[in-house]
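Down below is the structure, laid out as structure tokens.
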Amino acid sequence: MHWIGSGRIGLARVTGDRRGAGTVMARRARRGRPRLSLTGYLFLSITLLLLGALLAAGTLWTVNQYREVRDEYTQRALTLAQSVAELPTVRDYLADQRHPGDIAPLAERIRRAAEVRYVVIVDADGIRHSHPDPDAIGGRPHTNPAPVLAGNTWTGTEWGPAGLTLRTRVPVESGAGEVVGYVSVGVLSSRVSLAATGTLPTIGAGLLLALVAGAGGAWFVSRRIRAKTHGLEPREITELLESREALLYAISEGVLAADSEGAVLLANDSARAMLALPEDCVGRSPGELGLHPRLGAMLTDTADTEGELFLPVGDRLLVCEHRAVRIGDQGTGTLVTLRDHTELVRLGGELDGVRTMVGGLRAQTHEFANRIHTVSGMLELGAVPEARRYLAELSATTTEASTRVSEHLADTALAALVLAKSAQAAEQGVDFELAALSDVPAELPQRLRDDALIVVGNLVDNALDAVGSTGWIELFVRLHDDEHHLLEVRVTDSGPGIDPELGDDVFTAGVSTKDRTPGGDGARGLGLALVRQACTRWGGWVDVDPAEETVFSAYLPVREDAR
């Protein structure tokens, strides 16, 4: 397992292996680079979106600017018309029906000064008295003057001989308040448009500056995203994700990934099942998940170290391997793989039992050969009566040992294991004794028998290692049929005892009583851990009392629903 892709550890390489990166590069070489890379795609997309937004904003800005210019010219035309209508000369001229003098030159001077298309003065009969075109003076306007002569001011845009113009008409009142005519001022719409287009360079410069700044930002963002994805294209990221999902959730090994602070980032189905993790385990710390302290320590260790740990979890014995995850030279998290060795260790325990029995048979064979040689020598010397007595003594001793074990242990498998351990102890020079109060019925439940063999075998082996070549061991095995209904196994030996500092840790996988040092290499310190697991499976317990002699006591309650 070399590549993972979840959270902050995503697309990282495990220390010491670059085959994942090589696979990606090989795919690139076979398929070639895409026509448009992720960086180019992001840059082009963001730039086009920005260009569209700026064009829309520029259009709205131009329209708004045109409206402001048009309103400004409208207000100027209205103000000019009102000013002309208030002139005493114009007012007196229109109030006198004879219209003495000539008002046209005054209107023309005002038009040129104001730079408008026309300033037209019309009397109450609808006759023009001024106009930029002298031939139009004395004629009637093309529009209906009735609304203005009724005293209403009007502004708007109309078509006329000069084209589309922005116009305003203001009534002229006499001193008595009577409408005697009106003043019309017009401005060509093309002039309004020309004034509005004068702001286009400013608008264009602003939009261009925004586009350049936005394109620079798009390029920066695209480069940052490319750096975050380590140069991988979307198709390659998809392939890695699909491969990772297929691998992580298809393998039987548990995979647990954590960030530099120990928070869980990834846990496949096998890891969830082995550690009994909840569905919402991602993002939570080892303490919150109730993980074993030693496993929690592995998850928070981002150093460039590799290690293997035997960890009992419930009724399982897990082998945990730890590897640091790094991106470049920086440690970003930890990857822990979990393998369930429960059945493997159980089979190993059974194999050890078989080896013990074979060793006992070998010891008995060796001892039998010596005795046969002894009898053969006696017969060659003619000491037939002595040979008979010697054979009778051997037969009685062997029968007595077998009978004593079979009387107390009616279960054949357990009795055979105890006889083998007795022979092994005799070969080692250790005095092995089965307690007189031992009592086990003929037919133990199969699963209880399996765990009982593990408990008895490992406790006796531990005692044999402790006493060495001298000393004694006492085994007590009894199935209590009272209200408790449990199987009790007690092994007492004359060895040097257990280091008090170990305490209950003596039953932890990896902690060995042989060298008195905790935290072994994982290859030792499994026997007592297996004993504890066997008891735990049945809801029982095991403890040690090193007061005088070393006494290990294991209790296995007999329950149908224990497993």
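Note on naming: chains are A, B, ... as they come in the structure tokens, residues start from 1 per chain, ligands start from 1 in the order shown.
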
If we count only C-alpha atoms, what is near Thr470 of chain A at a cut-off of 9 Å, once residues fewer than 2 positions away on the same chain are taken out, given as a short mmCIF file (atom, residue, chain, number, x, y, z; two decimals) with C-alpha atoms, in the first residue's frame?
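Just written: around_27.cif:
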```cif
data_model
loop_
_atom_site.label_atom_id
_atom_site.label_comp_id
_atom_site.auth_asym_id
_atom_site.auth_seq_id
_atom_site.Cartn_x
_atom_site.Cartn_y
_atom_site.Cartn_z
CA GLN A 428 14.01 -30.85 31.93
CA GLY A 429 14.56 -32.07 35.49
CA VAL A 430 11.56 -30.24 36.95
CA ASP A 431 9.17 -31.80 39.45
CA VAL A 467 12.04 -22.51 36.89
CA GLY A 468 14.78 -23.53 34.48
CA TRP A 472 8.82 -27.56 40.84
CA SER A 494 9.11 -22.00 42.32
CA GLY A 495 10.71 -19.61 39.83
#
```

Checklist entry - Just asking: which residues within segment 21-177 of chain A are strand (DSSP E or B) according to DSSP, as a PyMOL selection string? => result chain A and resi 118-123+128+154-160+163-173

For the selection just defined, write its residues with N, CA and C atoms to a file, as an mmCIF file, in the first residue's frame.
```
data_model
loop_
_atom_site.group_PDB
_atom_site.id
_atom_site.type_symbol
_atom_site.label_atom_id
_atom_site.label_comp_id
_atom_site.auth_asym_id
_atom_site.auth_seq_id
_atom_site.Cartn_x
_atom_site.Cartn_y
_atom_site.Cartn_z
ATOM 1 N N TYR A 118 -31.565 74.566 -32.102
ATOM 2 C CA TYR A 118 -32.452 75.684 -32.415
ATOM 3 C C TYR A 118 -33.075 76.249 -31.145
ATOM 4 N N VAL A 119 -33.495 77.533 -31.244
ATOM 5 C CA VAL A 119 -34.314 78.201 -30.243
ATOM 6 C C VAL A 119 -35.464 78.864 -31.015
ATOM 7 N N VAL A 120 -36.644 78.317 -30.879
ATOM 8 C CA VAL A 120 -37.813 78.778 -31.633
ATOM 9 C C VAL A 120 -38.798 79.440 -30.689
ATOM 10 N N ILE A 121 -39.262 80.686 -31.094
ATOM 11 C CA ILE A 121 -40.269 81.401 -30.315
ATOM 12 C C ILE A 121 -41.560 81.388 -31.129
ATOM 13 N N VAL A 122 -42.637 80.899 -30.514
ATOM 14 C CA VAL A 122 -43.926 80.730 -31.180
ATOM 15 C C VAL A 122 -44.978 81.523 -30.419
ATOM 16 N N ASP A 123 -45.863 82.259 -31.159
ATOM 17 C CA ASP A 123 -46.908 83.049 -30.484
ATOM 18 C C ASP A 123 -48.111 82.186 -30.189
ATOM 19 N N ARG A 128 -44.275 80.803 -35.914
ATOM 20 C CA ARG A 128 -42.882 80.955 -35.517
ATOM 21 C C ARG A 128 -42.450 82.406 -35.742
ATOM 22 N N TRP A 154 -43.226 70.605 -21.679
ATOM 23 C CA TRP A 154 -43.034 69.276 -22.298
ATOM 24 C C TRP A 154 -41.570 69.087 -22.671
ATOM 25 N N THR A 155 -41.057 67.871 -22.389
ATOM 26 C CA THR A 155 -39.711 67.474 -22.822
ATOM 27 C C THR A 155 -39.788 66.089 -23.416
ATOM 28 N N GLY A 156 -38.947 65.811 -24.407
ATOM 29 C CA GLY A 156 -38.925 64.501 -25.035
ATOM 30 C C GLY A 156 -38.066 64.509 -26.273
ATOM 31 N N THR A 157 -38.151 63.385 -27.028
ATOM 32 C CA THR A 157 -37.379 63.219 -28.247
ATOM 33 C C THR A 157 -38.337 63.044 -29.406
ATOM 34 N N GLU A 158 -38.107 63.824 -30.485
ATOM 35 C CA GLU A 158 -38.973 63.774 -31.656
ATOM 36 C C GLU A 158 -38.134 63.855 -32.922
ATOM 37 N N TRP A 159 -38.731 63.362 -34.012
ATOM 38 C CA TRP A 159 -38.120 63.506 -35.335
ATOM 39 C C TRP A 159 -38.562 64.828 -35.942
ATOM 40 N N GLY A 160 -37.606 65.523 -36.550
ATOM 41 C CA GLY A 160 -37.900 66.784 -37.221
ATOM 42 C C GLY A 160 -37.106 66.910 -38.502
ATOM 43 N N GLY A 163 -33.598 65.926 -38.090
ATOM 44 C CA GLY A 163 -33.361 64.571 -37.611
ATOM 45 C C GLY A 163 -33.917 64.395 -36.206
ATOM 46 N N LEU A 164 -33.398 63.352 -35.513
ATOM 47 C CA LEU A 164 -33.860 63.058 -34.157
ATOM 48 C C LEU A 164 -33.271 64.087 -33.202
ATOM 49 N N THR A 165 -34.137 64.787 -32.483
ATOM 50 C CA THR A 165 -33.693 65.835 -31.551
ATOM 51 C C THR A 165 -34.327 65.635 -30.198
ATOM 52 N N LEU A 166 -33.584 66.096 -29.199
ATOM 53 C CA LEU A 166 -34.087 66.120 -27.826
ATOM 54 C C LEU A 166 -34.675 67.512 -27.606
ATOM 55 N N ARG A 167 -35.986 67.611 -27.327
ATOM 56 C CA ARG A 167 -36.688 68.885 -27.324
ATOM 57 C C ARG A 167 -37.327 69.167 -25.968
ATOM 58 N N THR A 168 -37.523 70.481 -25.747
ATOM 59 C CA THR A 168 -38.272 70.931 -24.579
ATOM 60 C C THR A 168 -39.068 72.171 -24.964
ATOM 61 N N ARG A 169 -40.313 72.285 -24.489
ATOM 62 C CA ARG A 169 -41.187 73.420 -24.781
ATOM 63 C C ARG A 169 -41.693 73.988 -23.464
ATOM 64 N N VAL A 170 -41.511 75.317 -23.316
ATOM 65 C CA VAL A 170 -41.910 76.004 -22.088
ATOM 66 C C VAL A 170 -42.877 77.145 -22.462
ATOM 67 N N PRO A 171 -44.074 77.237 -21.845
ATOM 68 C CA PRO A 171 -45.017 78.313 -22.166
ATOM 69 C C PRO A 171 -44.496 79.678 -21.680
ATOM 70 N N VAL A 172 -44.890 80.746 -22.419
ATOM 71 C CA VAL A 172 -44.540 82.124 -22.059
ATOM 72 C C VAL A 172 -45.818 82.809 -21.578
ATOM 73 N N GLU A 173 -45.768 83.367 -20.367
ATOM 74 C CA GLU A 173 -46.934 84.018 -19.799
ATOM 75 C C GLU A 173 -46.717 85.530 -19.758
#
```

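Nearest residue to Ser193 of chain A, choosing from A:His129, A:Lys228, A:Arg70, A:Arg284 and counting only C-alpha atoms: A:Arg70.
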
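Relative to atom CA of Ala257 of chain A, atom CA of Ser270 of chain A is found at 13.0 Å.
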
Item to check | Members of segment 182-238 of chain A assigned helix (DSSP H, G or I) by DSSP, as an MDAnalysis selection string | outcome: chainID A and resid 189:197 200:228 234:238

For C-alpha atoms, I'd like the residues from the last selection saved as a PDB file, in the first residue's frame.
```pdb
ATOM      1  CA  SER A 189     -29.532  63.369 -30.362  1.00  0.00           C
ATOM      2  CA  SER A 190     -26.301  62.739 -32.254  1.00  0.00           C
ATOM      3  CA  ARG A 191     -24.632  65.384 -30.135  1.00  0.00           C
ATOM      4  CA  VAL A 192     -25.870  63.655 -26.977  1.00  0.00           C
ATOM      5  CA  SER A 193     -24.508  60.352 -28.272  1.00  0.00           C
ATOM      6  CA  LEU A 194     -21.209  62.005 -29.188  1.00  0.00           C
ATOM      7  CA  ALA A 195     -20.892  63.452 -25.689  1.00  0.00           C
ATOM      8  CA  ALA A 196     -21.676  60.029 -24.188  1.00  0.00           C
ATOM      9  CA  THR A 197     -19.072  58.289 -26.343  1.00  0.00           C
ATOM     10  CA  LEU A 200     -15.923  55.250 -23.605  1.00  0.00           C
ATOM     11  CA  PRO A 201     -12.097  55.424 -23.424  1.00  0.00           C
ATOM     12  CA  THR A 202     -12.296  55.782 -19.640  1.00  0.00           C
ATOM     13  CA  ILE A 203     -14.735  52.908 -19.419  1.00  0.00           C
ATOM     14  CA  GLY A 204     -12.621  50.765 -21.737  1.00  0.00           C
ATOM     15  CA  ALA A 205      -9.420  51.487 -19.801  1.00  0.00           C
ATOM     16  CA  GLY A 206     -11.104  50.512 -16.535  1.00  0.00           C
ATOM     17  CA  LEU A 207     -12.460  47.282 -17.997  1.00  0.00           C
ATOM     18  CA  LEU A 208      -9.110  46.405 -19.566  1.00  0.00           C
ATOM     19  CA  LEU A 209      -7.321  46.972 -16.271  1.00  0.00           C
ATOM     20  CA  ALA A 210      -9.857  44.760 -14.495  1.00  0.00           C
ATOM     21  CA  LEU A 211      -9.424  42.066 -17.175  1.00  0.00           C
ATOM     22  CA  VAL A 212      -5.634  42.100 -16.839  1.00  0.00           C
ATOM     23  CA  ALA A 213      -5.846  41.927 -13.045  1.00  0.00           C
ATOM     24  CA  GLY A 214      -8.436  39.130 -13.240  1.00  0.00           C
ATOM     25  CA  ALA A 215      -6.376  37.152 -15.754  1.00  0.00           C
ATOM     26  CA  GLY A 216      -3.349  37.457 -13.480  1.00  0.00           C
ATOM     27  CA  GLY A 217      -5.420  36.217 -10.571  1.00  0.00           C
ATOM     28  CA  ALA A 218      -6.762  33.333 -12.677  1.00  0.00           C
ATOM     29  CA  TRP A 219      -3.224  32.332 -13.614  1.00  0.00           C
ATOM     30  CA  PHE A 220      -2.112  32.451  -9.967  1.00  0.00           C
ATOM     31  CA  VAL A 221      -5.121  30.411  -8.802  1.00  0.00           C
ATOM     32  CA  SER A 222      -4.600  27.815 -11.537  1.00  0.00           C
ATOM     33  CA  ARG A 223      -0.926  27.451 -10.628  1.00  0.00           C
ATOM     34  CA  ARG A 224      -1.773  27.051  -6.945  1.00  0.00           C
ATOM     35  CA  ILE A 225      -4.350  24.372  -7.722  1.00  0.00           C
ATOM     36  CA  ARG A 226      -1.824  22.577  -9.919  1.00  0.00           C
ATOM     37  CA  ALA A 227       0.682  22.675  -7.048  1.00  0.00           C
ATOM     38  CA  LYS A 228      -1.947  21.269  -4.674  1.00  0.00           C
ATOM     39  CA  PRO A 234      -8.321  15.469 -13.468  1.00  0.00           C
ATOM     40  CA  ARG A 235      -8.372  12.152 -15.357  1.00  0.00           C
ATOM     41  CA  GLU A 236      -5.300  10.975 -13.487  1.00  0.00           C
ATOM     42  CA  ILE A 237      -6.761  12.049 -10.156  1.00  0.00           C
ATOM     43  CA  THR A 238      -9.956  10.145 -10.993  1.00  0.00           C
TER      44      THR A 238
END
```

Next on the checklist: I'd like the contact shell of Ala107 of chain A - 12 Å cut-off, only C-alpha atoms, skipping same-chain residues fewer than 6 positions apart - returned as an NGL selection string.
Outcome noted: :A and (80-81 or 83-85 or 87 or 89-90 or 113-122 or 128-134 or 137 or 183-185)

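Minimum distance to Leu188 of chain A across A:Leu256, A:Ala529, A:Ala77, A:Leu277 (counting only C-alpha atoms) occurs at A:Ala77.
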
Checklist outcome for this item: Correct to one decimal, the distance atom CA of Thr337 of chain A-atom CA of Leu266 of chain A is 11.5 Å

Checklist outcome for this item: Students should find that atom CA of Ala263 of chain A and atom CA of Ala324 of chain A are spaced 14.2 Å

Checklist entry - Which residues come within 9 Å of Leu335 of chain A, counting only C-alpha atoms, excluding same-chain residues fewer than 3 positions away, as a ChimeraX atom specification? => result /A:4,14,255-259,298-299,321-325

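In terms of minimum interatomic distance to Asp451 of chain A, A:Thr536 ranks closest within A:Ser37, A:Ser406, A:Ser243, A:Thr536, counting only C-alpha atoms.
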
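If you measure from each of A:Leu475, A:Ala136, A:Val491, A:Cys535 to Asp439 of chain A using only C-alpha atoms, the closest one turns out to be A:Leu475.
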